[in-house]
Amino acid sequence: MRTIRVETSGSTILLTEAPEPKVRDRQTGEIAKDATSGEALMTIGVVYIEDGESSLIKVTVPEGGISEGLTLGAPVSLPGLVARPWESVFNGQQRHGIAYRAAAVTPAAFPASSGAAA
């Protein structure tokens with residue numbers, strides 16, 4: 001399926017779950033690897049806020065793209081964020097969703113409020 005670039009310049013993204021290894025096979029504990037580079041993949045949880053609405057999402061990031069200085073509840077940047085629709089059949093039931101992936105996760109600053117007094 002096609003990947004869709006996610007424009008994040010008008011949003012606030014807050015880290016809600018610290019990076020942890022992405023498990024490929026829960027039975028064996030095998031860690032997921034990038035198909036091209038072979039690098040281990042990590043997942044993070046974020047709240048994506050835009051236009052007064054928010055969504056909790058999980059984002060996959062290569063291990064080398066995890067920056068130092070990440071703090072839970074703090075704003076982050078997700079360069080190269082893309083969304084990929086997926087679907088599968090598991091135990092006879094069809095499942096579907098959207099998988100998110102970014103090239104990195106880095107600390108960011110809270111956006112300046114347009115209504116703030118100086």
# chains A, B, ... in the order shown; residues from 1 in each chain; ligands from 1
>>> closest_atom_pairs(of="segment 60-113 of chain A", to="segment 4-7 of chain A", cutoff="12 Å", atoms="only C-alpha atoms", output="JSON lines")
{"residue": "A:Ser77", "atom": "CA", "partner": "A:Glu7", "partner_atom": "CA", "distance": 11.4}
{"residue": "A:Leu78", "atom": "CA", "partner": "A:Val6", "partner_atom": "CA", "distance": 9.6}
{"residue": "A:Pro79", "atom": "CA", "partner": "A:Val6", "partner_atom": "CA", "distance": 9.5}
{"residue": "A:Gly80", "atom": "CA", "partner": "A:Arg5", "partner_atom": "CA", "distance": 7.4}
{"residue": "A:Leu81", "atom": "CA", "partner": "A:Val6", "partner_atom": "CA", "distance": 5.5}
{"residue": "A:Val82", "atom": "CA", "partner": "A:Arg5", "partner_atom": "CA", "distance": 4.4}
{"residue": "A:Ala83", "atom": "CA", "partner": "A:Ile4", "partner_atom": "CA", "distance": 5.1}
{"residue": "A:Arg84", "atom": "CA", "partner": "A:Ile4", "partner_atom": "CA", "distance": 6.3}
{"residue": "A:Pro85", "atom": "CA", "partner": "A:Ile4", "partner_atom": "CA", "distance": 8.7}
{"residue": "A:Ile98", "atom": "CA", "partner": "A:Ile4", "partner_atom": "CA", "distance": 10.3}
{"residue": "A:Ala99", "atom": "CA", "partner": "A:Ile4", "partner_atom": "CA", "distance": 10.4}
{"residue": "A:Tyr100", "atom": "CA", "partner": "A:Val6", "partner_atom": "CA", "distance": 9.2}
{"residue": "A:Arg101", "atom": "CA", "partner": "A:Arg5", "partner_atom": "CA", "distance": 9.8}
{"residue": "A:Ala102", "atom": "CA", "partner": "A:Val6", "partner_atom": "CA", "distance": 9.6}
{"residue": "A:Ala103", "atom": "CA", "partner": "A:Arg5", "partner_atom": "CA", "distance": 11.8}
>>> write_last_selection(atoms="N, CA, C and O atoms", output="CSV table (one decimal), in the first residue's frame")
chain,number,residue,atom,x,y,z
A,77,SER,N,9.6,16.4,17.8
A,77,SER,CA,9.5,16.6,16.3
A,77,SER,C,9.7,15.2,15.7
A,77,SER,O,10.5,14.4,16.2
A,78,LEU,N,8.9,14.9,14.7
A,78,LEU,CA,9.0,13.6,14.0
A,78,LEU,C,9.3,13.8,12.5
A,78,LEU,O,8.4,13.8,11.6
A,79,PRO,N,10.6,14.1,12.2
A,79,PRO,CA,10.9,14.3,10.8
A,79,PRO,C,10.6,13.1,9.9
A,79,PRO,O,10.8,12.0,10.4
A,80,GLY,N,10.1,13.3,8.7
A,80,GLY,CA,9.8,12.3,7.8
A,80,GLY,C,8.6,11.4,8.2
A,80,GLY,O,8.5,10.2,7.8
A,81,LEU,N,7.7,11.9,9.0
A,81,LEU,CA,6.5,11.2,9.4
A,81,LEU,C,5.7,10.8,8.2
A,81,LEU,O,5.3,11.6,7.4
A,82,VAL,N,5.4,9.5,8.1
A,82,VAL,CA,4.5,9.0,7.1
A,82,VAL,C,3.4,8.1,7.7
A,82,VAL,O,3.6,7.5,8.8
A,83,ALA,N,2.3,7.9,7.0
A,83,ALA,CA,1.2,7.0,7.5
A,83,ALA,C,1.0,6.0,6.4
A,83,ALA,O,1.1,6.3,5.2
A,84,ARG,N,0.8,4.8,6.8
A,84,ARG,CA,0.6,3.7,5.8
A,84,ARG,C,-0.6,2.9,6.2
A,84,ARG,O,-0.6,2.2,7.2
A,85,PRO,N,-1.7,2.9,5.4
A,85,PRO,CA,-2.8,2.1,5.7
A,85,PRO,C,-2.4,0.6,5.6
A,85,PRO,O,-1.6,0.2,4.8
A,98,ILE,N,-3.9,2.2,10.6
A,98,ILE,CA,-2.9,3.0,10.0
A,98,ILE,C,-1.6,2.9,10.8
A,98,ILE,O,-1.6,3.0,12.0
A,99,ALA,N,-0.5,2.6,10.1
A,99,ALA,CA,0.8,2.5,10.8
A,99,ALA,C,1.6,3.8,10.5
A,99,ALA,O,1.6,4.3,9.4
A,100,TYR,N,2.2,4.3,11.5
A,100,TYR,CA,3.0,5.5,11.4
A,100,TYR,C,4.5,5.2,11.6
A,100,TYR,O,4.9,4.4,12.4
A,101,ARG,N,5.3,5.9,10.8
A,101,ARG,CA,6.7,5.7,10.9
A,101,ARG,C,7.4,7.1,10.6
A,101,ARG,O,7.0,7.9,9.8
A,102,ALA,N,8.5,7.3,11.4
A,102,ALA,CA,9.3,8.6,11.2
A,102,ALA,C,10.7,8.2,11.1
A,102,ALA,O,11.2,7.1,11.6
A,103,ALA,N,11.5,9.1,10.5
A,103,ALA,CA,12.9,8.9,10.4
A,103,ALA,C,13.6,9.1,11.7
A,103,ALA,O,14.7,8.4,12.0
>>> residues_around(residues="Thr43 of chain A", least_positions_apart="4", cutoff="6 Å", atoms="only C-alpha atoms", output="list in words")
Pro19, Glu20, Lys22, Val59 and Thr60 of chain A
>>> select_by_dssp(residues="segment 70-99 of chain A", states="strand (DSSP E or B)", output="compact mmCIF listing (two decimals) with N, CA and C atoms, in the first residue's frame")
# COMPACT_ATOMS: atom_id res chain seq x y z
N PRO A 75 7.25 18.27 24.17
CA PRO A 75 7.04 18.26 22.73
C PRO A 75 8.21 17.60 22.00
N VAL A 76 7.88 16.93 20.90
CA VAL A 76 8.89 16.28 20.05
C VAL A 76 8.61 16.62 18.60
N SER A 77 9.62 16.41 17.78
CA SER A 77 9.51 16.55 16.34
C SER A 77 9.67 15.17 15.72
N VAL A 82 5.36 9.49 8.13
CA VAL A 82 4.46 8.98 7.09
C VAL A 82 3.42 8.06 7.73
N ALA A 83 2.30 7.95 7.04
CA ALA A 83 1.23 7.04 7.45
C ALA A 83 1.05 6.00 6.35
N ARG A 84 0.83 4.76 6.76
CA ARG A 84 0.64 3.69 5.79
C ARG A 84 -0.59 2.87 6.21
N PRO A 85 -1.66 2.90 5.40
CA PRO A 85 -2.82 2.05 5.71
C PRO A 85 -2.43 0.57 5.60
N TRP A 86 -3.01 -0.28 6.45
CA TRP A 86 -2.74 -1.72 6.40
C TRP A 86 -4.02 -2.49 6.68
N GLU A 87 -4.01 -3.72 6.24
CA GLU A 87 -5.11 -4.64 6.58
C GLU A 87 -4.57 -6.06 6.56
N SER A 88 -5.17 -6.90 7.39
CA SER A 88 -4.77 -8.30 7.46
C SER A 88 -5.93 -9.13 7.99
N VAL A 89 -5.79 -10.43 7.84
CA VAL A 89 -6.77 -11.36 8.40
C VAL A 89 -6.05 -12.14 9.48
N PHE A 90 -6.61 -12.14 10.71
CA PHE A 90 -6.03 -12.84 11.84
C PHE A 90 -7.13 -13.65 12.50
N GLN A 93 -10.59 -13.10 11.21
CA GLN A 93 -11.18 -11.77 11.31
C GLN A 93 -10.31 -10.76 10.57
N GLN A 94 -10.96 -9.92 9.79
CA GLN A 94 -10.23 -8.90 9.05
C GLN A 94 -9.96 -7.72 9.98
N ARG A 95 -8.71 -7.26 9.96
CA ARG A 95 -8.29 -6.12 10.77
C ARG A 95 -7.69 -5.09 9.83
N HIS A 96 -7.75 -3.82 10.26
CA HIS A 96 -7.16 -2.76 9.45
C HIS A 96 -6.79 -1.60 10.35
N GLY A 97 -5.94 -0.73 9.85
CA GLY A 97 -5.53 0.43 10.62
C GLY A 97 -4.55 1.27 9.83
N ILE A 98 -3.86 2.15 10.56
CA ILE A 98 -2.85 3.01 9.97
C ILE A 98 -1.58 2.86 10.79
N ALA A 99 -0.47 2.57 10.12
CA ALA A 99 0.83 2.47 10.77
C ALA A 99 1.58 3.77 10.50
>>> closest_residue(among="A:Thr28, A:Thr16, A:Thr3, A:Ser67", to="Pro107 of chain A", atoms="only C-alpha atoms")
A:Ser67
>>> atom_distance(atom1="atom CA of Leu56 of chain A", atom2="atom CA of Ser11 of chain A")
13.3 Å
>>> closest_residue(among="A:Ile31, A:Glu17, A:Arg26, A:Gly65", to="Gly45 of chain A", atoms="only C-alpha atoms")
A:Glu17
>>> atom_distance(atom1="atom CA of Val105 of chain A", atom2="atom CA of Ile66 of chain A")
5.4 Å
>>> closest_residue(among="A:Ile44, A:Lys33, A:Ala104, A:Gly52", to="Thr71 of chain A", atoms="only C-alpha atoms")
A:Ile44
>>> residues_around(residues="Pro21 of chain A", least_positions_apart="3", cutoff="9 Å", atoms="only C-alpha atoms", output="VMD selection string")
chain A and resid 31 to 32 40 to 43 63
>>> write_last_selection(atoms="N, CA and C atoms", output="short mmCIF file (atom, residue, chain, number, x, y, z; two decimals), in the first residue's frame")
data_model
loop_
_atom_site.label_atom_id
_atom_site.label_comp_id
_atom_site.auth_asym_id
_atom_site.auth_seq_id
_atom_site.Cartn_x
_atom_site.Cartn_y
_atom_site.Cartn_z
N ILE A 31 12.90 -8.99 17.70
CA ILE A 31 12.77 -7.56 17.51
C ILE A 31 12.67 -7.25 16.01
N ALA A 32 11.78 -6.35 15.64
CA ALA A 32 11.60 -5.96 14.24
C ALA A 32 12.82 -5.19 13.76
N ALA A 40 17.54 -2.10 14.09
CA ALA A 40 16.44 -2.40 14.99
C ALA A 40 15.43 -1.25 14.99
N LEU A 41 14.15 -1.59 15.11
CA LEU A 41 13.08 -0.59 15.14
C LEU A 41 12.56 -0.42 16.56
N MET A 42 12.17 0.81 16.88
CA MET A 42 11.63 1.16 18.19
C MET A 42 10.23 1.75 17.98
N THR A 43 9.40 1.71 19.03
CA THR A 43 8.11 2.38 18.98
C THR A 43 8.05 3.41 20.09
N GLU A 63 16.20 2.69 15.55
CA GLU A 63 16.90 2.89 16.82
C GLU A 63 17.87 4.06 16.76
#
>>> residues_around(residues="Leu72 of chain A", least_positions_apart="2", cutoff="8 Å", atoms="only C-alpha atoms", output="JSON, numbers by chain")
{"A": [14, 15, 16, 17, 18, 70, 74]}
>>> write_last_selection(atoms="all heavy atoms", output="short mmCIF file (atom, residue, chain, number, x, y, z; two decimals), in the first residue's frame")
data_model
loop_
_atom_site.label_atom_id
_atom_site.label_comp_id
_atom_site.auth_asym_id
_atom_site.auth_seq_id
_atom_site.Cartn_x
_atom_site.Cartn_y
_atom_site.Cartn_z
N LEU A 14 3.34 15.56 21.48
CA LEU A 14 3.88 15.36 22.82
C LEU A 14 4.21 13.88 23.02
O LEU A 14 3.40 13.01 22.68
CB LEU A 14 2.87 15.80 23.88
CG LEU A 14 2.35 17.24 23.77
CD1 LEU A 14 1.28 17.48 24.81
CD2 LEU A 14 3.49 18.23 23.91
N LEU A 15 5.37 13.60 23.62
CA LEU A 15 5.78 12.23 23.89
C LEU A 15 5.00 11.68 25.08
O LEU A 15 5.01 12.26 26.16
CB LEU A 15 7.29 12.19 24.18
CG LEU A 15 7.91 10.81 24.36
CD1 LEU A 15 7.85 10.03 23.05
CD2 LEU A 15 9.34 10.94 24.83
N THR A 16 4.31 10.55 24.87
CA THR A 16 3.52 9.95 25.95
C THR A 16 4.06 8.59 26.40
O THR A 16 3.73 8.15 27.49
CB THR A 16 2.05 9.76 25.53
OG1 THR A 16 2.00 8.93 24.37
CG2 THR A 16 1.39 11.10 25.23
N GLU A 17 4.87 7.94 25.55
CA GLU A 17 5.46 6.64 25.90
C GLU A 17 6.91 6.63 25.43
O GLU A 17 7.20 6.93 24.27
CB GLU A 17 4.71 5.49 25.24
CG GLU A 17 3.29 5.32 25.75
CD GLU A 17 2.57 4.18 25.05
OE1 GLU A 17 3.23 3.23 24.58
OE2 GLU A 17 1.33 4.25 24.97
N ALA A 18 7.81 6.27 26.34
CA ALA A 18 9.24 6.21 26.04
C ALA A 18 9.53 5.17 24.96
O ALA A 18 8.78 4.20 24.80
CB ALA A 18 10.03 5.89 27.30
N LEU A 70 15.01 13.11 25.41
CA LEU A 70 13.55 13.01 25.29
C LEU A 70 12.94 12.92 26.69
O LEU A 70 13.43 12.19 27.54
CB LEU A 70 13.15 11.79 24.46
CG LEU A 70 13.62 11.77 23.01
CD1 LEU A 70 13.27 10.43 22.37
CD2 LEU A 70 13.03 12.93 22.23
N ALA A 74 6.83 16.07 27.04
CA ALA A 74 7.47 17.19 26.35
C ALA A 74 7.19 17.12 24.85
O ALA A 74 6.95 16.04 24.30
CB ALA A 74 8.97 17.19 26.61
#
>>> closest_residue(among="A:Val23, A:Thr106, A:Glu30, A:Glu50", to="Gly69 of chain A", atoms="only C-alpha atoms")
A:Thr106
>>> residues_around(residues="Tyr48 of chain A", least_positions_apart="6", cutoff="6 Å", atoms="only C-alpha atoms", output="VMD selection string")
chain A and resid 13 54 to 55
>>> atom_distance(atom1="atom CA of Arg24 of chain A", atom2="atom CA of Gly64 of chain A")
18.0 Å
